[in-house]
>>> print(open('target20.cif').read())   # mmCIF, C-alpha atoms
data_start
#
loop_
_atom_site.label_atom_id
_atom_site.label_comp_id
_atom_site.auth_asym_id
_atom_site.auth_seq_id
_atom_site.Cartn_x
_atom_site.Cartn_y
_atom_site.Cartn_z
CA MET V 46 0.00 0.00 0.00
CA GLY V 47 1.23 3.49 -0.82
CA LEU V 48 0.04 6.79 0.66
CA SER V 49 0.54 10.28 -0.72
CA VAL V 50 -1.07 13.71 -0.81
CA MET V 51 -1.68 15.56 -4.09
CA HIS V 52 -3.31 19.02 -4.15
CA ASP V 53 -4.96 18.34 -0.78
CA VAL V 54 -6.19 14.97 -2.05
CA GLU V 55 -5.13 11.88 -0.11
CA TRP V 56 -4.07 9.01 -2.38
CA VAL V 57 -3.99 5.42 -1.16
CA GLU V 58 -2.66 2.88 -3.66
CA PHE V 59 -2.84 -0.90 -3.54
CA ASP V 60 -1.33 -3.76 -5.49
CA ASP V 61 -3.93 -6.16 -4.11
CA TRP V 62 -7.65 -5.91 -4.83
CA ALA V 63 -8.70 -7.63 -1.60
CA ALA V 64 -6.71 -5.10 0.42
CA MET V 65 -8.36 -2.24 -1.46
CA VAL V 66 -11.82 -3.68 -0.79
CA CYS V 67 -11.01 -3.91 2.91
CA GLN V 68 -9.79 -0.31 2.99
CA VAL V 69 -12.89 1.05 1.28
CA VAL V 70 -15.23 -0.97 3.49
CA ASN V 71 -13.45 0.34 6.58
CA ASP V 72 -13.68 3.93 5.33
CA VAL V 73 -17.39 3.69 4.58
CA GLU V 74 -18.04 2.00 7.91
CA ILE V 75 -16.20 4.74 9.80
CA ALA V 76 -18.07 7.48 7.95
CA ALA V 77 -21.41 5.84 8.77
CA GLU V 78 -20.56 5.18 12.41
CA CYS V 79 -19.31 8.72 13.00
CA ALA V 80 -22.46 10.17 11.44
CA VAL V 81 -24.77 7.98 13.53
CA GLU V 82 -22.88 8.84 16.69
CA ALA V 83 -22.85 12.58 15.95
CA ARG V 84 -26.29 13.08 14.41
CA GLY V 85 -28.27 9.88 14.96
CA CYS V 86 -28.29 8.87 11.30
CA ALA V 87 -26.03 8.51 8.28
CA LEU V 88 -26.75 9.52 4.67
CA LEU V 89 -24.37 7.99 2.12
CA ALA V 90 -24.32 8.35 -1.67
CA VAL V 91 -22.79 5.33 -3.38
CA PRO V 92 -21.88 4.45 -6.98
CA GLY V 93 -23.47 1.92 -9.27
CA GLY V 94 -22.08 -0.36 -11.93
CA LYS V 95 -19.97 -3.49 -11.54
CA THR V 96 -16.87 -2.17 -9.80
CA PRO V 97 -18.38 -1.63 -6.32
CA VAL V 98 -20.10 -5.05 -6.17
CA PRO V 99 -17.40 -6.85 -4.12
CA ILE V 100 -17.20 -3.82 -1.83
CA PHE V 101 -20.98 -3.80 -1.38
CA ARG V 102 -20.90 -7.50 -0.56
CA ALA V 103 -18.23 -7.07 2.12
CA LEU V 104 -19.82 -3.91 3.52
CA ALA V 105 -23.25 -5.50 3.86
CA ALA V 106 -21.67 -8.20 6.04
CA ARG V 107 -20.48 -5.62 8.60
CA THR V 108 -22.52 -5.15 11.77
CA LEU V 109 -23.36 -1.47 11.35
CA ASN V 110 -26.38 0.16 12.92
CA TRP V 111 -28.04 -0.31 9.55
CA PRO V 112 -31.54 0.93 10.47
CA LYS V 113 -29.99 4.38 10.98
CA VAL V 114 -28.18 4.34 7.61
CA ALA V 115 -29.72 5.63 4.37
CA LEU V 116 -28.17 4.89 0.97
CA LEU V 117 -28.85 6.63 -2.30
CA PRO V 118 -27.19 6.17 -5.70
CA THR V 119 -25.03 8.95 -7.07
CA ASP V 120 -26.85 8.39 -10.37
CA GLU V 121 -29.53 6.23 -11.88
CA ARG V 122 -30.29 4.76 -15.27
CA LEU V 123 -33.90 5.24 -16.40
CA VAL V 124 -34.74 1.55 -16.40
CA ALA V 125 -37.03 -0.62 -14.29
CA ASP V 126 -35.89 -1.42 -10.75
CA ASP V 127 -35.41 -5.08 -11.64
CA ASP V 128 -33.31 -4.28 -14.72
CA PRO V 129 -29.63 -5.29 -14.34
CA LEU V 130 -28.69 -1.70 -15.24
CA SER V 131 -30.59 -0.23 -12.28
CA ASN V 132 -28.30 1.23 -9.61
CA ALA V 133 -31.10 1.39 -7.03
CA GLY V 134 -31.82 -2.27 -7.76
CA LEU V 135 -28.14 -3.09 -7.27
CA ILE V 136 -28.06 -1.28 -3.92
CA ARG V 137 -31.27 -2.94 -2.79
CA ALA V 138 -30.00 -6.39 -3.77
CA HIS V 139 -26.98 -5.99 -1.50
CA PHE V 140 -28.34 -3.90 1.37
CA GLY V 141 -32.08 -4.58 1.39
CA ALA V 142 -31.75 -7.26 4.06
CA THR V 143 -29.58 -5.10 6.35
CA GLY V 144 -32.36 -2.79 7.46
CA ALA V 145 -30.82 0.23 5.77
CA THR V 146 -33.11 2.72 4.05
CA ILE V 147 -32.69 2.68 0.26
CA LEU V 148 -33.47 6.03 -1.38
CA PRO V 149 -33.88 5.64 -5.15
CA LEU V 150 -33.45 8.79 -7.20
CA CYS V 151 -36.36 7.96 -9.49
CA GLU V 152 -39.88 6.87 -8.64
CA ARG V 153 -40.86 6.68 -12.30
CA VAL V 154 -38.72 5.72 -15.27
CA ASP V 155 -41.42 6.05 -17.96
CA ILE V 156 -40.98 9.82 -18.27
CA ASP V 157 -38.48 11.94 -20.16
CA PRO V 158 -35.08 12.53 -18.52
CA GLY V 159 -35.74 16.21 -17.87
CA ALA V 160 -38.92 15.45 -15.94
CA ALA V 161 -37.21 12.59 -14.11
CA GLY V 162 -34.37 14.90 -13.09
CA ARG V 163 -36.77 17.56 -11.81
CA ALA V 164 -38.71 14.97 -9.81
CA ALA V 165 -35.48 13.63 -8.30
CA ASP V 166 -34.41 17.16 -7.41
CA ARG V 167 -37.67 17.76 -5.53
CA ARG V 168 -37.31 14.50 -3.60
CA LEU V 169 -33.69 15.21 -2.64
CA ARG V 170 -34.54 18.63 -1.22
CA VAL V 171 -36.27 17.04 1.79
CA LEU V 172 -33.08 15.23 2.87
CA GLN V 173 -30.75 16.60 5.52
CA TRP V 174 -27.73 18.02 3.69
CA PRO V 175 -24.76 17.83 3.61
CA LEU V 176 -24.33 14.14 2.90
CA ASP V 177 -22.07 12.23 5.26
CA LEU V 178 -20.20 10.51 2.43
CA VAL V 179 -20.15 10.76 -1.34
CA TRP V 180 -18.43 7.72 -2.79
CA LEU V 181 -17.70 8.07 -6.50
CA GLY V 182 -16.45 5.88 -9.30
CA MET V 183 -14.96 7.17 -12.54
CA GLY V 184 -14.90 6.11 -16.18
CA GLU V 185 -11.77 6.09 -18.33
CA ASP V 186 -13.02 9.30 -19.97
CA GLY V 187 -13.11 11.03 -16.58
CA HIS V 188 -16.88 11.01 -16.15
CA THR V 189 -18.27 10.44 -12.68
CA ALA V 190 -21.78 9.57 -11.54
CA SER V 191 -23.67 10.08 -14.84
CA ILE V 192 -22.12 13.44 -15.69
CA LEU V 193 -21.36 12.30 -19.22
CA PRO V 194 -20.61 14.17 -22.47
CA GLY V 195 -23.72 15.42 -24.18
CA PRO V 196 -26.23 18.26 -24.05
CA ASP V 197 -26.68 18.04 -20.27
CA PHE V 198 -22.98 18.03 -19.32
CA GLU V 199 -22.72 21.70 -18.35
CA ALA V 200 -26.12 21.73 -16.64
CA ALA V 201 -24.96 18.93 -14.34
CA LEU V 202 -21.69 20.72 -13.58
CA SER V 203 -22.61 24.39 -13.58
CA GLY V 204 -26.31 24.59 -12.79
CA PRO V 205 -27.73 26.45 -9.78
CA LEU V 206 -26.19 25.49 -6.43
CA SER V 207 -29.65 24.63 -5.15
CA ARG V 208 -30.16 22.01 -7.86
CA ARG V 209 -29.46 18.51 -6.53
CA ALA V 210 -30.25 16.35 -9.57
CA CYS V 211 -30.80 16.61 -13.31
CA GLY V 212 -31.64 14.39 -16.24
CA VAL V 213 -28.87 13.34 -18.61
CA VAL V 214 -29.00 12.05 -22.19
CA PRO V 215 -25.42 10.94 -22.95
CA ASP V 216 -24.08 11.66 -26.44
CA PRO V 217 -22.63 9.35 -27.53
CA PRO V 218 -24.48 6.78 -25.41
CA PRO V 219 -22.13 4.50 -23.42
CA LYS V 220 -21.91 1.04 -24.96
CA GLU V 221 -22.34 -0.73 -21.61
CA ALA V 222 -25.51 1.20 -20.70
CA PRO V 223 -26.96 3.16 -23.66
CA VAL V 224 -29.84 4.69 -21.72
CA ALA V 225 -30.88 8.08 -20.34
CA ARG V 226 -29.95 8.88 -16.74
CA VAL V 227 -30.58 11.01 -13.70
CA THR V 228 -27.49 12.16 -11.83
CA LEU V 229 -26.60 14.12 -8.75
CA THR V 230 -25.23 17.47 -9.86
CA ARG V 231 -21.78 18.74 -9.00
CA ALA V 232 -23.38 20.99 -6.37
CA ALA V 233 -24.94 17.94 -4.71
CA LEU V 234 -21.81 15.78 -4.95
CA VAL V 235 -19.62 18.36 -3.23
CA ALA V 236 -22.20 19.00 -0.48
CA THR V 237 -20.65 16.28 1.66
CA ARG V 238 -18.59 15.85 4.78
CA THR V 239 -16.27 13.38 3.02
CA LEU V 240 -15.67 12.46 -0.63
CA MET V 241 -14.06 9.22 -1.74
CA LEU V 242 -13.14 8.12 -5.27
CA THR V 243 -12.35 4.48 -6.01
CA ILE V 244 -10.61 3.57 -9.27
CA SER V 245 -8.56 0.74 -10.72
CA GLY V 246 -6.10 0.36 -13.57
CA ASP V 247 -3.25 2.51 -14.83
CA LYS V 248 -5.37 4.46 -17.32
CA LYS V 249 -7.87 5.65 -14.72
CA ARG V 250 -5.03 6.51 -12.37
CA ALA V 251 -3.46 8.74 -15.02
CA VAL V 252 -6.80 10.36 -15.90
CA ALA V 253 -7.58 11.11 -12.26
CA ARG V 254 -4.14 12.54 -11.55
CA GLN V 255 -4.30 14.79 -14.60
CA ALA V 256 -7.81 15.90 -13.68
CA ILE V 257 -6.64 16.91 -10.22
CA GLU V 258 -3.65 18.74 -11.68
CA ASP V 259 -5.92 20.65 -14.08
CA GLY V 260 -8.36 21.55 -11.30
CA PRO V 261 -11.27 23.78 -12.35
CA ARG V 262 -9.79 24.00 -15.88
CA SER V 263 -10.22 20.25 -16.34
CA ALA V 264 -12.27 19.09 -19.29
CA THR V 265 -13.42 16.10 -17.24
CA ALA V 266 -16.36 15.86 -14.87
CA ILE V 267 -14.24 14.33 -12.11
CA GLY V 268 -11.70 17.13 -12.29
CA ARG V 269 -14.34 19.80 -11.95
CA VAL V 270 -16.13 17.99 -9.13
CA LEU V 271 -12.97 17.47 -7.09
CA ALA V 272 -11.83 21.05 -7.70
CA GLU V 273 -15.07 22.37 -6.20
CA CYS V 274 -15.12 20.08 -3.16
CA SER V 275 -14.00 21.62 0.13
CA ALA V 276 -14.49 18.43 2.14
CA PRO V 277 -11.67 15.91 2.72
CA ILE V 278 -11.04 13.94 -0.49
CA LYS V 279 -9.58 10.45 -0.64
CA VAL V 280 -8.68 8.55 -3.80
CA VAL V 281 -8.29 4.78 -3.44
CA TRP V 282 -6.61 3.10 -6.41
CA CYS V 283 -5.68 -0.49 -7.21
CA LYS V 284 -3.80 -1.95 -10.13
#
>>> encode(input="target20.cif", output="structure tokens")
Amino acid sequence: MGLSVMHDVEWVEFDDWAAMVCQVVNDVEIAAECAVEARGCALLAVPGGKTPVPIFRALAARTLNWPKVALLPTDERLVADDDPLSNAGLIRAHFGATGATILPLCERVDIDPGAAGRAADRRLRVLQWPLDLVWLGMGEDGHTASILPGPDFEAALSGPLSRRACGVVPDPPPKEAPVARVTLTRAALVATRTLMLTISGDKKRAVARQAIEDGPRSATAIGRVLAECSAPIKVVWCK
């Protein structure tokens, strides 16, 4: 394991995937426990996709005070809850039996992305902000959550500070999930007590490091999110 600090970002690097999983699980557990102890509840935003699955599995096995923990996805694909692409479905599959509260971004997926984003924004406004943890993943193009290239890219990054979510129609559509989305905006992602980014592979490591170097001038979503975040930031990387 290696540890370094880059532009006020803590980097922890692993050669072993199992060790990385353990580190991330410990970090999430600590964030949740501290929030419950301090405020009586914990509100955590977690990523979707395939990468966090082994971490979800290990985390769900921990004996947290789960009934006081609420989980919401950082982004959602506009598909049915039982669709393999659904992030809320993924979270529910792993944490539904723990007693945690699962907070899907979308109640309806049969509406256009703009309407879905506005509905998600209204629902998020009733939560107690800031979040206790925002845990992000990142694509090789530097996107994070569903802040993807396309007509909604700038709205997700530079919209009003009060806007928590927006609809996204990626252009071009990602091959692995060519569907419309709803994502937390940059303003929502940085409204957190702690931010963690988990990535793997040399290409993502290079993209993330360059994004941090570029700061607010970055062309990538992750660079612009991290540059705006005043909370402690931790990047956990594994080969």
>>> residues_around(input="target20.cif", residues="Ala64 in chain V", least_positions_apart="6", cutoff="12 Å", atoms="all atoms listed in the file", output="list in words")
Met46, Gly47, Val57, Glu58, Val70, Asn71, Pro99, Ile100, Ala103, Val281, Trp282, Cys283 and Lys284 of chain V
>>> closest_residue(input="target20.cif", among="V:Val280, V:Asp155, V:Asp166, V:His188", to="Ala232 in chain V", atoms="only C-alpha atoms")
V:Asp166
>>> closest_residue(input="target20.cif", among="V:Pro129, V:Gly212, V:Gly195, V:Gly204", to="Val154 in chain V", atoms="all atoms listed in the file")
V:Gly212
>>> resolve_selection(input="target20.cif", expression="the PyMOL selection byres ((chain V and resi 229-231) around 10)", output="PyMOL selection string")
chain V and resi 90+118-121+150+162+165-166+169+189-192+198-212+227-228+232-236+266-267+269-271+273-274
>>> residues_around(input="target20.cif", residues="Asp126 in chain V", least_positions_apart="5", cutoff="12 Å", atoms="only C-alpha atoms", output="list in words")
Glu121, Ser131, Asn132, Ala133, Gly134, Leu135, Ile136, Arg137, Ala138, Pro149, Leu150, Cys151, Glu152, Arg153, Val154 and Asp155 of chain V
>>> residues_around(input="target20.cif", residues="Ile257 in chain V", least_positions_apart="3", cutoff="9 Å", atoms="all atoms listed in the file", output="ChimeraX atom specification")
/V:51-52,54,252-254,260-261,263,267-269,271-272
>>> atom_distance(input="target20.cif", atom1="CA of Val124 in chain V", atom2="CA of Val179 in chain V")
22.9 Å
>>> closest_residue(input="target20.cif", among="V:Thr108, V:Ser245, V:Thr146, V:Thr237", to="Glu78 in chain V", atoms="only C-alpha atoms")
V:Thr108
>>> atom_distance(input="target20.cif", atom1="CA of Leu148 in chain V", atom2="CA of Met183 in chain V")
21.6 Å
>>> closest_residue(input="target20.cif", among="V:Glu221, V:Arg226, V:Ala251, V:Leu240", to="Ala160 in chain V", atoms="only C-alpha atoms")
V:Arg226
>>> closest_residue(input="target20.cif", among="V:Gly93, V:Arg250, V:Leu104, V:Asp216", to="Gln68 in chain V", atoms="only C-alpha atoms")
V:Leu104
>>> residues_around(input="target20.cif", residues="Gly85 in chain V", least_positions_apart="5", cutoff="10 Å", atoms="only C-alpha atoms", output="list in words")
Glu78, Cys79, Ala80, Lys113 and Val114 of chain V
>>> atom_distance(input="target20.cif", atom1="CA of Ala63 in chain V", atom2="CA of Gly246 in chain V")
14.6 Å
>>> residues_near_point(input="target20.cif", point="(-16.7, 10.9, 2.1)", cutoff="7 Å", atoms="only C-alpha atoms", output="VMD selection string")
chain V and resid 76 177 to 180 237 to 241 278
>>> closest_residue(input="target20.cif", among="V:Pro215, V:Leu181, V:Phe140, V:Phe59", to="Thr96 in chain V", atoms="all atoms listed in the file")
V:Leu181
